[in-house]
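This report concerns only the one structure given below.
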Amino acid sequence: MTEIEQKYQALGGEQGLLGRAVSSEQATPSGLGSFQDFEHGMIFYHPDFGAHVLSAQVETKWKSAMLANDIVTGTQQAIRDYIGFPISDTTRTGEQGELCYFERGMIVVRPGGQAWVIYGEIYLAYRMQADVQGFVGFPRSDVQPSDAGGLRASFDGADLFWHPSTGAFEVHGDILQKYRALGATQSLLGYPISDETSLFKGTQQIGRASQFQFGTIYWSAETGAFEMHGDLLKAYQAQHQGPAGPLGFPISDETRSPNDVCRFHNFQHGILVWQAANRQVSLVTHLKLVVTRLETDEDNDDLMVRTQVVMDHLHGQQKVFEKQFGEYSNQGTKTFANPEQGFVCDCPVNDGNVIVTVNMQAYDIDGGFNGADDLIAQFNKSFGIETLWDSSFSDLQGNNLSTFYNGPDGKFRASFTIFTDHVLVDPTNSDHFRQNLFWSFKNPKIAKLSFETCAATFSDLEADDSWIFHPFNRAFYETVYKGAAKTGTCFGMCLEAIYALKGVSSSRPFISQYAFDAQRTQDISVKFGYQLGGSQVSYMIEHIKNGRMWNPVQNFEFSKQRFDQQDYCLLCLSEGVSPEGGHAVLPYRWEKVSDTEWRIYVANPNSPAPKTTSNEGGDRVIIINPTNNTFSYAHSSKKTWQGGQGIFNGGRMFAMPYSALSSPPRTPFWEAFLTFITGGLYLIFAGEAATVEQISNEQGHTLIDEQGKLNTEPLTRIKNLFPIVRSAQRRFSDVQKIKNVANRPPLGTVLLKELAQVDMYYVSLGAHGGKMYPDHVLRDFSDRAVLNRAQPESLTIKSRLGKAGAATLKTDTLQRQLPTPVTNSRVSDLLEQAHSASVLSEVLRQRKALNIKVHNRAQGEYEVGFVSGRASIMLKANTTVGTSDVISLASLATAEQALTFQAAELAHDKQLQVTLTSYDRKRTYELSNLKLGANQAFTLQHDNACRSLRLQGLSAAISFDLKLFVDGRATPVMQKAVTLDPEVSVALAPVDWDQLSVGAANNHDLQLKVFNPADGVLLRTQLL
């Protein structure tokens, strides 16, 4: 039976939930898998994901006109084709809803029956928030177009937004309500550039914030949600320490003064005022009135002045202060030399609407008949925010303090000052950026980053992740992360400085006050790892593809624009095309000096302000020549980096904004669907005793040129292979040597204390898949062989893999063969090819091959790993000094993808360990103690979501120990010793995976089917 037939029968056949079949089982138009329609649903099969069921409600949505016809933004694919094959059965949710996951999306049916489709980057963000199980909840809409080329989707607990310049982020709660009230993506804030994040004062959480393209919305339980933007936001974040500073949280949106002379925000403990005339921002926390002079027109008056100060509109309240001055006998004028003598009031203010009215009444004491006091004169003067309550300006009625006021018994005037205790801040003044807003300590080097720090950095890691179940997580730590900060933590310093500017760091702005203490060590170490996150790597790769990595002019304009939007960037620089030895700096000022010289002034972790006071020159300025689009950077007194002039030409210069780094990252290997979205796979290499000698593809294109450097020649380099981490090779004398092979730890022990080489690459494989559903579905059931096909005894595809094939794999360029278009006449053949436990066909393997040649230069070990949305493979091998092994991954991103290890001609006692994990991490094979002789090859392939493993050896018998793990358990559910005869192919699988996974007794048999690789004839079937 085919896998679809097996699935159908397991669900009860015609009596089950799907009912009877209403179509033949047939290939998808893309030829990548197959499907069959039933009365109440569908079943799809793909060799990498197995057979999965679409319920009737999910099927209805999947077959809807919208999914069939609407094109996904940035692609040429309809939504149905873009989301690809299902990778799970339709499952019930706890609230009687349904959901089904696909390669690049999901369909969710609400408890009421409405079905919605979520896909692409919004799907990725939704999954990161635990989809229906998280606070975001069930969708209330499909992914739908939004403003300026973006997308959005609504959910019960949040809205998710995506824009090509920002990425996908959630907004929820009171912040979402405020965002919607402002107009959401149509508002002045634009799209979100972060998820909602917690704000802290020390270790105490004090509120939340969401960052947007052009502003921020802050929230606390005490104040509610309010927006900020522009210079006021910049001053609040950079100069006044944000919500953790003395102002506290905003308690108003930005407000215009009556004549739009200024704009202001009210805070819990003060006011920030922006003046249009000079773009200065003033801080006002108190209004203090002091009288300096009282004056009448008669020198012999016995002067007494009653003073009342009224503060109106102070959050709807009024405060009144009163004071009496005098009697001053025979003194028509009184001057107060001491401010304490003229003091009237000092009132805290946090409302920019406040109006200060000063009412003064001057009397001549006992000057009238019958002993009554004579009123000389009186006046009222009012002042507001447009003059910052400055009494030296005219009052709100247009009068100034020099005016005498006439009264019943003469004239009177008074001089007084309203002190605001304000601090002026010019957010455009960058003269002191390095001195105040960047670290005062020099780029610290950290010899070893702990796995606990790694787990604190990447949200998909746990501190107790096991090597067996999470081989890539541990390998990522051991090979890439652990020693990455040995040469410095510049990236972490720059990113943590940006977080401080945004007010989402444990360090407040004016970070120059901090030493490199325990808290800064932790924060900077965590942020250092963000450059290796999956989404961040994808962002970088996208801009390698579009050329911005080598476009200084574009990076100048981009970083300046984002700085003005408070989406602060850090700049990543390198000496050459390789990422090794790169450096990160924080730009803060941009200057176009002339037509041939532009400058970017940067805060450089290598030159902190106390040690290098000048902002000019040296490694604190990047020079750009816009006429030829090149840059020059004096990295040190002895070395100047230069680059530009086109992709893969010279040094790199790349601006990376806060929006690409605002969320805690996941490793590049995070679950299957990350590489579904990005459309590629990751390759990781590490070894203390080996180096990557060459990587080539089926067209003969290479990674490394004849001089041993990265190949930059457009005609011969591998265009879809992108170095992410490429460590400099150390001198041979620096490599840790294990002289006594007998004392070497067993294979699988990590020996990476002094790595000679650590590389990580991304292989872009382009758009996946193709059309998922034919225009005309076969309804003919006459060919029962399609539905009731038994496992073939004689295979239709003959293998050409033999001794000659192995030699060809090792020495010759593999010739690319394009797949034949799918027609109805080929449906049966495609199904036969997709479902049979076929021997490994070299014809199939030769398409889209990637060959890694590994030079064994000392005794020890090396590791090579591949991870994609289809499966993960980790291979470890010992070395034979002076020889080279070849690892080939062929038929990339197809059902026939195969891994072949070719031992060197002079190799001896070659010992391998191979770990293969299914896309959903439910099934893991570990093959250990696998020994190969000289020139011997071993090939591995998987089928039906790793339920079946296909192996082939050459020349001599191969034996190994096999362990099977299920559902993340640390203890294997099966252990077998397996031997392969020479010149045969084997398909092996547990007799019953389902029973094995639940621990059923007597279900530990392993079935082996042995084939002749020459003609595909089944030789025997046996149980182990």
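Every chain in the structure tokens has a letter given in the order shown (A, B, ...), and although residue numbers restart at 1 in each chain, ligands are simply numbered from 1 in the order shown.
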(request) For Val725 (chain A), list every protein, DNA or RNA residue within 6 Å, evaluated using only C-alpha atoms, and leave out those in the same chain fewer than 2 positions away; present the list as a list in words. (result)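 The filter keeps Pro723, Asp759 and Met760 of chain A.
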Please, which residues in region 38-88 of chain A fall within 12 Å of region 146-158 of chain A when counting only C-alpha atoms, and what is the closest atom pair and distance in Å to one decimal for each, ordered by chain then residue number, as a Markdown table?
| residue | atom | partner | partner_atom | distance |
| --- | --- | --- | --- | --- |
| A:Val72 | CA | A:Leu151 | CA | 10.2 |
| A:Thr73 | CA | A:Gly149 | CA | 8.1 |
| A:Gly74 | CA | A:Gly149 | CA | 9.6 |
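The interatomic distance for the pair CA of Ser525 (chain A) and CA of Ala686 (chain A) works out to 22.1 Å.
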(message) List the spatial neighbours of Trp439 (chain A) as a ChimeraX atom specification - criterion: any atom at most 9 Å away, only C-alpha atoms, same-chain residues fewer than 5 positions off excluded.
(response) /A:434,493-494,497,510-516,603,605,608-609
(request) Rounded to one decimal place, report the CA of Val553 (chain A)-CA of Met540 (chain A) distance in Å. (result) 17.4 Å
(request) Go through A:Thr712, A:Ser34, A:Ser252, A:Ser659 and flag the residue nearest Arg562 (chain A), using only C-alpha atoms for the distances. (result) A:Ser659
(message) Measuring between only C-alpha atoms, which one of A:Thr93, A:Leu586, A:Thr60, A:Ser505 shows the shortest distance to Gln114 (chain A)?
(response)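 Closest to Gln114 (chain A) of all the choices is A:Thr60.
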(message) as a list in words, please: every residue in region 321-384 of chain A that DSSP puts in alpha helix (DSSP H).
(response)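 Alpha helix (DSSP H) members of region 321-384 of chain A, listed: Pro339, Glu340, Gln341 and Gly342 of chain A.
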Restricted to C-alpha atoms, what would the selected residues look like written as a short mmCIF file (atom, residue, chain, number, x, y, z; two decimals), in the first residue's frame?
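Below is the file again_17.cif, written as the result:
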data_model
loop_
_atom_site.label_atom_id
_atom_site.label_comp_id
_atom_site.auth_asym_id
_atom_site.auth_seq_id
_atom_site.Cartn_x
_atom_site.Cartn_y
_atom_site.Cartn_z
CA PRO A 339 15.79 85.57 46.38
CA GLU A 340 14.52 84.07 49.61
CA GLN A 341 12.97 87.44 50.49
CA GLY A 342 11.02 87.59 47.24
#
